$ cat run11.cif   # mmCIF, C-alpha atoms
data_upload
loop_
_atom_site.group_PDB
_atom_site.id
_atom_site.type_symbol
_atom_site.label_atom_id
_atom_site.label_comp_id
_atom_site.auth_asym_id
_atom_site.auth_seq_id
_atom_site.Cartn_x
_atom_site.Cartn_y
_atom_site.Cartn_z
ATOM 1 C CA MET A 1 119.022 -118.752 -28.665
ATOM 2 C CA SER A 2 119.977 -120.445 -25.431
ATOM 3 C CA THR A 3 117.821 -121.762 -22.629
ATOM 4 C CA ASP A 4 118.893 -119.093 -20.144
ATOM 5 C CA GLY A 5 116.806 -116.204 -18.971
ATOM 6 C CA PHE A 6 113.393 -115.904 -17.464
ATOM 7 C CA TYR A 7 110.027 -115.403 -19.122
ATOM 8 C CA SER A 8 106.516 -114.266 -18.502
ATOM 9 C CA ILE A 9 103.861 -115.435 -20.945
ATOM 10 C CA ILE A 10 100.620 -113.520 -21.437
ATOM 11 C CA ASP A 11 98.030 -115.570 -23.274
ATOM 12 C CA TYR A 12 94.637 -114.426 -24.632
ATOM 13 C CA THR A 13 91.891 -115.758 -26.873
ATOM 14 C CA VAL A 14 90.198 -113.133 -29.022
ATOM 15 C CA ASP A 15 87.144 -113.029 -31.254
ATOM 16 C CA SER A 16 88.607 -111.714 -34.512
ATOM 17 C CA VAL A 17 91.661 -110.631 -36.462
ATOM 18 C CA ASP A 18 90.741 -107.013 -35.671
ATOM 19 C CA THR A 19 90.721 -107.630 -31.920
ATOM 20 C CA GLN A 20 93.970 -109.562 -32.268
ATOM 21 C CA ARG A 21 95.631 -106.550 -33.908
ATOM 22 C CA GLU A 22 94.179 -104.108 -31.380
ATOM 23 C CA LEU A 23 95.377 -106.247 -28.477
ATOM 24 C CA VAL A 24 98.910 -106.397 -29.871
ATOM 25 C CA ASP A 25 98.981 -102.622 -30.412
ATOM 26 C CA ALA A 26 97.686 -101.911 -26.902
ATOM 27 C CA PHE A 27 99.974 -104.392 -25.144
ATOM 28 C CA ALA A 28 103.009 -103.243 -27.138
ATOM 29 C CA GLU A 29 102.324 -99.720 -25.915
ATOM 30 C CA ILE A 30 102.095 -101.020 -22.338
ATOM 31 C CA GLN A 31 105.541 -102.575 -22.725
ATOM 32 C CA GLU A 32 106.914 -99.233 -23.908
ATOM 33 C CA ARG A 33 105.279 -97.194 -21.151
ATOM 34 C CA TRP A 34 105.596 -99.567 -18.199
ATOM 35 C CA VAL A 35 108.155 -102.318 -18.755
ATOM 36 C CA ARG A 36 110.913 -102.089 -21.370
ATOM 37 C CA PHE A 37 113.197 -99.680 -19.472
ATOM 38 C CA TYR A 38 113.763 -101.924 -16.436
ATOM 39 C CA PRO A 39 117.193 -103.575 -16.040
ATOM 40 C CA GLY A 40 117.383 -106.992 -17.637
ATOM 41 C CA TYR A 41 114.436 -106.503 -19.974
ATOM 42 C CA ARG A 42 115.286 -108.194 -23.272
ATOM 43 C CA SER A 43 112.151 -108.261 -25.406
ATOM 44 C CA ALA A 44 108.428 -108.762 -25.686
ATOM 45 C CA ARG A 45 107.390 -110.829 -28.705
ATOM 46 C CA PHE A 46 103.804 -110.965 -29.903
ATOM 47 C CA HIS A 47 102.735 -114.249 -31.492
ATOM 48 C CA VAL A 48 99.370 -114.122 -33.267
ATOM 49 C CA SER A 49 97.576 -117.231 -34.470
ATOM 50 C CA THR A 50 96.972 -117.501 -38.189
ATOM 51 C CA ASP A 51 93.251 -118.065 -37.553
ATOM 52 C CA GLY A 52 92.857 -114.762 -35.701
ATOM 53 C CA THR A 53 91.777 -116.286 -32.391
ATOM 54 C CA ARG A 54 94.794 -116.096 -30.111
ATOM 55 C CA VAL A 55 97.643 -113.875 -28.952
ATOM 56 C CA TYR A 56 100.724 -114.830 -26.938
ATOM 57 C CA ASN A 57 103.035 -112.160 -25.591
ATOM 58 C CA ILE A 58 106.323 -113.699 -24.471
ATOM 59 C CA VAL A 59 108.360 -111.312 -22.337
ATOM 60 C CA HIS A 60 112.022 -112.231 -21.951
ATOM 61 C CA TRP A 61 114.160 -111.142 -18.989
ATOM 62 C CA ALA A 62 117.874 -111.709 -18.526
ATOM 63 C CA SER A 63 117.285 -113.440 -15.181
ATOM 64 C CA GLU A 64 114.660 -114.225 -12.590
ATOM 65 C CA ALA A 65 116.303 -111.599 -10.344
ATOM 66 C CA ASP A 66 115.697 -108.946 -13.009
ATOM 67 C CA TYR A 67 112.070 -109.975 -13.325
ATOM 68 C CA ARG A 68 111.606 -109.930 -9.531
ATOM 69 C CA ASN A 69 113.230 -106.513 -9.334
ATOM 70 C CA PHE A 70 110.791 -105.245 -11.970
ATOM 71 C CA VAL A 71 107.810 -106.660 -10.070
ATOM 72 C CA GLU A 72 108.982 -105.223 -6.758
ATOM 73 C CA THR A 73 110.043 -101.754 -7.885
ATOM 74 C CA SER A 74 107.601 -100.954 -10.694
ATOM 75 C CA ASP A 75 104.185 -99.334 -10.436
ATOM 76 C CA THR A 76 102.124 -102.514 -10.518
ATOM 77 C CA GLU A 77 98.871 -100.693 -9.767
ATOM 78 C CA GLY A 78 99.394 -98.246 -12.624
ATOM 79 C CA ARG A 79 100.350 -101.028 -15.009
ATOM 80 C CA MET A 80 97.328 -103.134 -14.064
ATOM 81 C CA ALA A 81 95.058 -100.131 -14.580
ATOM 82 C CA ALA A 82 96.614 -99.598 -18.016
ATOM 83 C CA ILE A 83 95.981 -103.254 -18.893
ATOM 84 C CA ARG A 84 92.342 -103.019 -17.769
ATOM 85 C CA LYS A 85 91.905 -99.851 -19.817
ATOM 86 C CA ALA A 86 93.514 -101.504 -22.851
ATOM 87 C CA LEU A 87 91.149 -104.472 -22.590
ATOM 88 C CA GLU A 88 88.113 -102.216 -22.151
ATOM 89 C CA GLY A 89 89.151 -100.228 -25.221
ATOM 90 C CA LEU A 90 89.065 -103.222 -27.557
ATOM 91 C CA SER A 91 86.257 -103.284 -30.100
ATOM 92 C CA GLY A 92 85.819 -107.035 -29.563
ATOM 93 C CA GLU A 93 86.252 -109.652 -26.856
ATOM 94 C CA ALA A 94 89.503 -110.897 -25.299
ATOM 95 C CA GLU A 95 89.771 -113.537 -22.605
ATOM 96 C CA ALA A 96 92.868 -114.317 -20.558
ATOM 97 C CA ARG A 97 94.003 -117.932 -20.793
ATOM 98 C CA MET A 98 96.741 -117.751 -18.171
ATOM 99 C CA SER A 99 96.561 -120.260 -15.331
ATOM 100 C CA GLY A 100 98.720 -120.166 -12.226
ATOM 101 C CA ALA A 101 101.978 -118.208 -12.117
ATOM 102 C CA PRO A 102 102.723 -116.722 -15.569
ATOM 103 C CA THR A 103 106.490 -117.123 -15.080
ATOM 104 C CA TYR A 104 108.599 -119.585 -17.037
ATOM 105 C CA THR A 105 112.031 -120.955 -17.646
ATOM 106 C CA VAL A 106 113.171 -122.707 -20.816
ATOM 107 C CA VAL A 107 114.349 -126.158 -19.778
ATOM 108 C CA ARG A 108 115.054 -127.730 -23.147
ATOM 109 C CA GLU A 109 115.738 -126.776 -26.727
ATOM 110 C CA VAL A 110 115.768 -129.316 -29.558
ATOM 111 C CA GLY A 111 117.677 -128.040 -32.579
ATOM 112 C CA PRO A 112 117.787 -129.430 -36.109
ATOM 113 C CA GLY A 113 119.469 -132.814 -36.447
ATOM 114 C CA PRO A 114 119.166 -136.320 -37.786
ATOM 115 C CA GLN A 115 116.107 -138.409 -37.123
ATOM 116 C CA ARG A 116 116.427 -140.307 -33.886
ATOM 117 C CA LEU A 117 115.313 -143.836 -34.531
ATOM 118 C CA GLY A 118 113.224 -145.760 -32.051
ATOM 119 C CA SER A 119 114.595 -148.554 -29.923
ATOM 120 C CA MET B 1 115.805 -112.403 -32.900
ATOM 121 C CA SER B 2 113.652 -111.053 -35.674
ATOM 122 C CA THR B 3 109.948 -111.381 -36.292
ATOM 123 C CA ASP B 4 110.347 -113.639 -39.299
ATOM 124 C CA GLY B 5 109.615 -117.312 -39.426
ATOM 125 C CA PHE B 6 106.601 -119.399 -38.586
ATOM 126 C CA TYR B 7 105.631 -121.080 -35.340
ATOM 127 C CA SER B 8 103.481 -123.786 -33.885
ATOM 128 C CA ILE B 9 102.699 -123.545 -30.184
ATOM 129 C CA ILE B 10 101.755 -126.607 -28.152
ATOM 130 C CA ASP B 11 100.245 -125.692 -24.807
ATOM 131 C CA TYR B 12 99.367 -127.991 -21.891
ATOM 132 C CA THR B 13 98.327 -127.699 -18.274
ATOM 133 C CA VAL B 14 99.711 -130.422 -16.001
ATOM 134 C CA ASP B 15 99.118 -131.510 -12.433
ATOM 135 C CA SER B 16 102.645 -131.468 -11.014
ATOM 136 C CA VAL B 17 106.315 -130.716 -11.523
ATOM 137 C CA ASP B 18 106.882 -134.427 -12.185
ATOM 138 C CA THR B 19 104.303 -134.515 -14.983
ATOM 139 C CA GLN B 20 105.766 -131.298 -16.348
ATOM 140 C CA ARG B 21 109.208 -132.901 -16.588
ATOM 141 C CA GLU B 22 107.832 -136.116 -18.088
ATOM 142 C CA LEU B 23 105.877 -134.185 -20.716
ATOM 143 C CA VAL B 24 108.968 -132.215 -21.743
ATOM 144 C CA ASP B 25 111.049 -135.408 -21.997
ATOM 145 C CA ALA B 26 108.399 -137.193 -24.059
ATOM 146 C CA PHE B 27 107.704 -134.278 -26.392
ATOM 147 C CA ALA B 28 111.430 -133.570 -26.887
ATOM 148 C CA GLU B 29 111.830 -137.178 -28.010
ATOM 149 C CA ILE B 30 108.926 -136.722 -30.423
ATOM 150 C CA GLN B 31 110.706 -133.739 -31.959
ATOM 151 C CA GLU B 32 113.828 -135.845 -32.414
ATOM 152 C CA ARG B 33 112.010 -138.824 -33.920
ATOM 153 C CA TRP B 34 109.354 -137.107 -36.003
ATOM 154 C CA VAL B 35 110.108 -133.438 -36.680
ATOM 155 C CA ARG B 36 113.609 -131.971 -36.351
ATOM 156 C CA PHE B 37 115.031 -133.362 -39.611
ATOM 157 C CA TYR B 38 112.546 -131.641 -41.939
ATOM 158 C CA PRO B 39 113.801 -128.704 -44.059
ATOM 159 C CA GLY B 40 113.345 -125.343 -42.370
ATOM 160 C CA TYR B 41 113.056 -126.724 -38.830
ATOM 161 C CA ARG B 42 114.847 -124.314 -36.507
ATOM 162 C CA SER B 43 114.064 -125.327 -32.929
ATOM 163 C CA ALA B 44 111.580 -126.534 -30.378
ATOM 164 C CA ARG B 45 111.794 -124.694 -27.059
ATOM 165 C CA PHE B 46 110.127 -125.991 -23.924
ATOM 166 C CA HIS B 47 108.892 -123.343 -21.495
ATOM 167 C CA VAL B 48 107.828 -124.685 -18.089
ATOM 168 C CA SER B 49 105.978 -122.575 -15.556
ATOM 169 C CA THR B 50 107.729 -121.988 -12.248
ATOM 170 C CA ASP B 51 104.660 -123.295 -10.389
ATOM 171 C CA GLY B 52 104.774 -126.681 -12.144
ATOM 172 C CA THR B 53 101.359 -126.373 -13.813
ATOM 173 C CA ARG B 54 102.040 -125.558 -17.446
ATOM 174 C CA VAL B 55 104.200 -126.409 -20.454
ATOM 175 C CA TYR B 56 104.546 -124.512 -23.728
ATOM 176 C CA ASN B 57 106.448 -126.020 -26.626
ATOM 177 C CA ILE B 58 107.227 -123.372 -29.224
ATOM 178 C CA VAL B 59 108.352 -124.883 -32.524
ATOM 179 C CA HIS B 60 110.071 -122.484 -34.875
ATOM 180 C CA TRP B 61 110.178 -122.965 -38.672
ATOM 181 C CA ALA B 62 112.068 -120.838 -41.176
ATOM 182 C CA SER B 63 108.883 -120.159 -43.126
ATOM 183 C CA GLU B 64 105.244 -121.097 -43.427
ATOM 184 C CA ALA B 65 106.132 -123.017 -46.615
ATOM 185 C CA ASP B 66 108.563 -125.181 -44.608
ATOM 186 C CA TYR B 67 105.905 -125.871 -41.995
ATOM 187 C CA ARG B 68 103.321 -126.742 -44.672
ATOM 188 C CA ASN B 69 105.819 -129.040 -46.383
ATOM 189 C CA PHE B 70 106.392 -130.816 -43.053
ATOM 190 C CA VAL B 71 102.648 -131.234 -42.499
ATOM 191 C CA GLU B 72 102.056 -132.509 -46.029
ATOM 192 C CA THR B 73 104.998 -134.890 -46.367
ATOM 193 C CA SER B 74 105.476 -136.225 -42.841
ATOM 194 C CA ASP B 75 103.813 -139.234 -41.228
ATOM 195 C CA THR B 76 101.085 -137.354 -39.384
ATOM 196 C CA GLU B 77 99.318 -140.534 -38.311
ATOM 197 C CA GLY B 78 102.495 -141.993 -36.810
ATOM 198 C CA ARG B 79 103.320 -138.725 -35.072
ATOM 199 C CA MET B 80 99.813 -138.404 -33.626
ATOM 200 C CA ALA B 81 99.998 -141.982 -32.357
ATOM 201 C CA ALA B 82 103.355 -141.175 -30.706
ATOM 202 C CA ILE B 83 101.820 -138.122 -29.031
ATOM 203 C CA ARG B 84 98.860 -140.153 -27.752
ATOM 204 C CA LYS B 85 101.255 -142.793 -26.421
ATOM 205 C CA ALA B 86 103.392 -140.127 -24.761
ATOM 206 C CA LEU B 87 100.356 -138.623 -23.027
ATOM 207 C CA GLU B 88 99.121 -142.043 -21.904
ATOM 208 C CA GLY B 89 102.564 -142.813 -20.482
ATOM 209 C CA LEU B 90 102.567 -139.840 -18.111
ATOM 210 C CA SER B 91 102.252 -140.643 -14.412
ATOM 211 C CA GLY B 92 99.936 -137.643 -13.948
ATOM 212 C CA GLU B 93 97.391 -135.603 -15.879
ATOM 213 C CA ALA B 94 98.007 -133.302 -18.850
ATOM 214 C CA GLU B 95 95.356 -131.316 -20.659
ATOM 215 C CA ALA B 96 95.785 -129.574 -23.999
ATOM 216 C CA ARG B 97 95.033 -125.844 -23.905
ATOM 217 C CA MET B 98 95.324 -125.214 -27.626
ATOM 218 C CA SER B 99 92.338 -123.553 -29.309
ATOM 219 C CA GLY B 100 91.916 -123.169 -33.050
ATOM 220 C CA ALA B 101 94.842 -123.461 -35.425
ATOM 221 C CA PRO B 102 98.116 -123.828 -33.455
ATOM 222 C CA THR B 103 100.094 -121.851 -36.042
ATOM 223 C CA TYR B 104 101.534 -118.413 -35.393
ATOM 224 C CA THR B 105 103.534 -115.571 -36.774
ATOM 225 C CA VAL B 106 105.404 -112.977 -34.717
ATOM 226 C CA VAL B 107 103.979 -109.598 -35.661
ATOM 227 C CA ARG B 108 105.770 -107.328 -33.214
ATOM 228 C CA GLU B 109 108.827 -107.274 -30.989
ATOM 229 C CA VAL B 110 109.398 -104.557 -28.401
ATOM 230 C CA GLY B 111 113.061 -104.316 -27.423
ATOM 231 C CA PRO B 112 114.644 -102.445 -24.527
ATOM 232 C CA GLY B 113 114.413 -98.666 -24.717
ATOM 233 C CA PRO B 114 113.444 -95.499 -22.910
ATOM 234 C CA GLN B 115 110.099 -95.173 -21.206
ATOM 235 C CA ARG B 116 107.474 -93.915 -23.599
ATOM 236 C CA LEU B 117 105.540 -91.204 -21.827
ATOM 237 C CA GLY B 118 101.813 -90.854 -22.182
ATOM 238 C CA SER B 119 100.206 -88.121 -24.215
#
$ encode --input "run11.cif" --output "structure tokens"
Amino acid sequence: MSTDGFYSIIDYTVDSVDTQRELVDAFAEIQERWVRFYPGYRSARFHVSTDGTRVYNIVHWASEADYRNFVETSDTEGRMAAIRKALEGLSGEAEARMSGAPTYTVVREVGPGPQRLGS
Amino acid sequence: MSTDGFYSIIDYTVDSVDTQRELVDAFAEIQERWVRFYPGYRSARFHVSTDGTRVYNIVHWASEADYRNFVETSDTEGRMAAIRKALEGLSGEAEARMSGAPTYTVVREVGPGPQRLGS
């Protein structure tokens, strides 16, 4: 996996394993209904913490231009309403942990290799 | 990219683009000196927010057993000291945003596809 592309990262704390699973199900459906058919969409990957308290959704776009095109041409109001409804439908609590712009690039990847010894 | 494997996610807010770059450089070196040569290590990927306020380091292991072996057999004290030193050496501020266990699995991936229409 290279360092190209463009990402948005959606980041929540949740109160239980059940809420974690419900959040993933709801947000996966939002990807299918509102996002995955735009040009340059590559994937949305749902990382869940082993302790049941956190969910990261990492959405990968081919380029920043593809992401910007999605933002500018998609139904942002409808999508936001779907997200609010998804959050309200959870049986437990979920709190967004995003701060600032949720858009990212990958600037470095460290692969397997020999131990680098200190100077 | 499949949903297999095991992940740790290191998550910081920072005060500037400069601190963001310094944190990536320092933590990449820590991977090279303390982590990347353990069995099952696949990669560490550094995601930086476009607004200069956040850094995610996503470390990918082949399996949970490989991650546990790393934790149990590596020099945790030395690695933690290197992380503290790296944070102290930054010219700006960095604040950890991790909560609970920083270990993750990927439970779902939504690839490109047709729009799913609502029922």
$ closest_residue --input "run11.cif" --among "A:Arg45, A:Gly40, A:Gln115, A:Glu88" --to "A:Ala65" --atoms "only C-alpha atoms"
A:Gly40
$ atom_distance --input "run11.cif" --atom1 "atom CA of A:His47" --atom2 "atom CA of B:Gly118"
25.2 Å
$ axis_aligned_box --input "run11.cif" --around "stretch 49-67 of chain A" --padding-each-side "5 Å" --output "JSON"
{"center_x": 104.8, "center_y": -113.5, "center_z": -24.3, "size_x": 36.1, "size_y": 19.1, "size_z": 37.8}
$ residues_around --input "run11.cif" --residues "A:Ile58" --least-positions-apart "3" --cutoff "9 Å" --atoms "only C-alpha atoms" --output "list in words"
Tyr7, Ser8, Ile9, Ile10, Asp11, Ser43, Ala44, Arg45, Phe46 and His47 of chain A
$ atom_distance --input "run11.cif" --atom1 "atom CA of B:Thr105" --atom2 "atom CA of B:Asp25"
25.9 Å
$ closest_residue --input "run11.cif" --among "B:Asp66, B:Glu109, B:Glu95, B:Asp51" --to "B:Gly5" --atoms "all atoms listed in the file"
B:Asp66
$ interface_residues --input "run11.cif" --of "chain B" --to "chain A" --cutoff "8 Å" --atoms "all atoms listed in the file" --output "CSV table (one decimal) with C-alpha atoms, in the frame of the given file"
chain,number,residue,atom,x,y,z
B,24,VAL,CA,109.0,-132.2,-21.7
B,28,ALA,CA,111.4,-133.6,-26.9
B,31,GLN,CA,110.7,-133.7,-32.0
B,32,GLU,CA,113.8,-135.8,-32.4
B,33,ARG,CA,112.0,-138.8,-33.9
B,34,TRP,CA,109.4,-137.1,-36.0
B,35,VAL,CA,110.1,-133.4,-36.7
B,36,ARG,CA,113.6,-132.0,-36.4
B,37,PHE,CA,115.0,-133.4,-39.6
B,41,TYR,CA,113.1,-126.7,-38.8
B,42,ARG,CA,114.8,-124.3,-36.5
B,43,SER,CA,114.1,-125.3,-32.9
B,44,ALA,CA,111.6,-126.5,-30.4
B,45,ARG,CA,111.8,-124.7,-27.1
B,46,PHE,CA,110.1,-126.0,-23.9
B,47,HIS,CA,108.9,-123.3,-21.5
B,48,VAL,CA,107.8,-124.7,-18.1
B,49,SER,CA,106.0,-122.6,-15.6
B,50,THR,CA,107.7,-122.0,-12.2
B,51,ASP,CA,104.7,-123.3,-10.4
B,53,THR,CA,101.4,-126.4,-13.8
B,54,ARG,CA,102.0,-125.6,-17.4
B,99,SER,CA,92.3,-123.6,-29.3
B,100,GLY,CA,91.9,-123.2,-33.0
B,101,ALA,CA,94.8,-123.5,-35.4
B,102,PRO,CA,98.1,-123.8,-33.5
B,103,THR,CA,100.1,-121.9,-36.0
B,104,TYR,CA,101.5,-118.4,-35.4
B,105,THR,CA,103.5,-115.6,-36.8
B,106,VAL,CA,105.4,-113.0,-34.7
B,107,VAL,CA,104.0,-109.6,-35.7
B,108,ARG,CA,105.8,-107.3,-33.2
B,109,GLU,CA,108.8,-107.3,-31.0
B,110,VAL,CA,109.4,-104.6,-28.4
B,111,GLY,CA,113.1,-104.3,-27.4
B,112,PRO,CA,114.6,-102.4,-24.5
B,113,GLY,CA,114.4,-98.7,-24.7
B,114,PRO,CA,113.4,-95.5,-22.9
B,115,GLN,CA,110.1,-95.2,-21.2
B,116,ARG,CA,107.5,-93.9,-23.6
B,117,LEU,CA,105.5,-91.2,-21.8
B,118,GLY,CA,101.8,-90.9,-22.2
$ atom_distance --input "run11.cif" --atom1 "atom CA of A:Ala86" --atom2 "atom CA of A:Tyr67"
22.5 Å
$ decode --input "run11.cif" --residues "stretch 85-95 of chain B" --atoms "all heavy atoms" --output "tab-separated table (two decimals), in the first residue's frame"
chain	number	residue	atom	x	y	z
B	85	LYS	N	11.14	10.85	25.21
B	85	LYS	CA	12.22	11.72	24.74
B	85	LYS	C	11.82	12.41	23.42
B	85	LYS	O	12.07	13.59	23.21
B	85	LYS	CB	13.49	10.90	24.55
B	85	LYS	CG	14.74	11.73	24.29
B	85	LYS	CD	15.99	10.84	24.20
B	85	LYS	CE	17.16	11.63	23.64
B	85	LYS	NZ	18.27	10.75	23.24
B	86	ALA	N	11.18	11.62	22.55
B	86	ALA	CA	10.73	12.20	21.27
B	86	ALA	C	9.72	13.32	21.51
B	86	ALA	O	9.80	14.39	20.88
B	86	ALA	CB	10.11	11.10	20.41
B	87	LEU	N	8.80	13.10	22.43
B	87	LEU	CA	7.77	14.13	22.70
B	87	LEU	C	8.42	15.36	23.33
B	87	LEU	O	8.05	16.50	23.00
B	87	LEU	CB	6.69	13.55	23.60
B	87	LEU	CG	5.81	12.46	22.95
B	87	LEU	CD1	4.93	11.79	24.00
B	87	LEU	CD2	4.95	13.05	21.83
B	88	GLU	N	9.36	15.15	24.22
B	88	GLU	CA	10.04	16.28	24.87
B	88	GLU	C	10.87	17.08	23.87
B	88	GLU	O	11.10	18.27	24.07
B	88	GLU	CB	10.94	15.78	26.00
B	88	GLU	CG	10.17	15.28	27.23
B	88	GLU	CD	11.04	14.48	28.18
B	88	GLU	OE1	12.27	14.42	27.97
B	88	GLU	OE2	10.47	13.90	29.13
B	89	GLY	N	11.34	16.40	22.82
B	89	GLY	CA	12.19	17.07	21.84
B	89	GLY	C	11.44	17.89	20.81
B	89	GLY	O	12.05	18.59	19.99
B	90	LEU	N	10.11	17.83	20.83
B	90	LEU	CA	9.33	18.60	19.85
B	90	LEU	C	9.43	20.09	20.15
B	90	LEU	O	9.47	20.49	21.32
B	90	LEU	CB	7.86	18.18	19.90
B	90	LEU	CG	7.55	16.72	19.56
B	90	LEU	CD1	6.07	16.45	19.78
B	90	LEU	CD2	7.96	16.39	18.13
B	91	SER	N	9.41	20.91	19.11
B	91	SER	CA	9.46	22.36	19.34
B	91	SER	C	8.09	22.90	19.76
B	91	SER	O	8.00	23.98	20.34
B	91	SER	CB	9.97	23.08	18.10
B	91	SER	OG	9.17	22.77	16.99
B	92	GLY	N	7.02	22.13	19.50
B	92	GLY	CA	5.69	22.57	19.89
B	92	GLY	C	5.02	21.56	20.80
B	92	GLY	O	5.67	20.72	21.40
B	93	GLU	N	3.70	21.65	20.87
B	93	GLU	CA	2.91	20.80	21.77
B	93	GLU	C	2.28	19.63	21.02
B	93	GLU	O	1.80	19.80	19.90
B	93	GLU	CB	1.80	21.62	22.42
B	93	GLU	CG	2.29	22.77	23.29
B	93	GLU	CD	3.12	22.29	24.48
B	93	GLU	OE1	2.72	21.27	25.09
B	93	GLU	OE2	4.17	22.90	24.76
B	94	ALA	N	2.25	18.47	21.68
B	94	ALA	CA	1.54	17.30	21.16
B	94	ALA	C	0.80	16.66	22.32
B	94	ALA	O	1.36	16.52	23.41
B	94	ALA	CB	2.51	16.31	20.53
B	95	GLU	N	-0.43	16.28	22.06
B	95	GLU	CA	-1.25	15.68	23.12
B	95	GLU	C	-1.85	14.37	22.63
B	95	GLU	O	-2.50	14.34	21.57
B	95	GLU	CB	-2.39	16.64	23.50
B	95	GLU	CG	-3.22	16.18	24.67
B	95	GLU	CD	-4.41	17.12	24.93
B	95	GLU	OE1	-4.49	18.18	24.29
B	95	GLU	OE2	-5.27	16.75	25.75
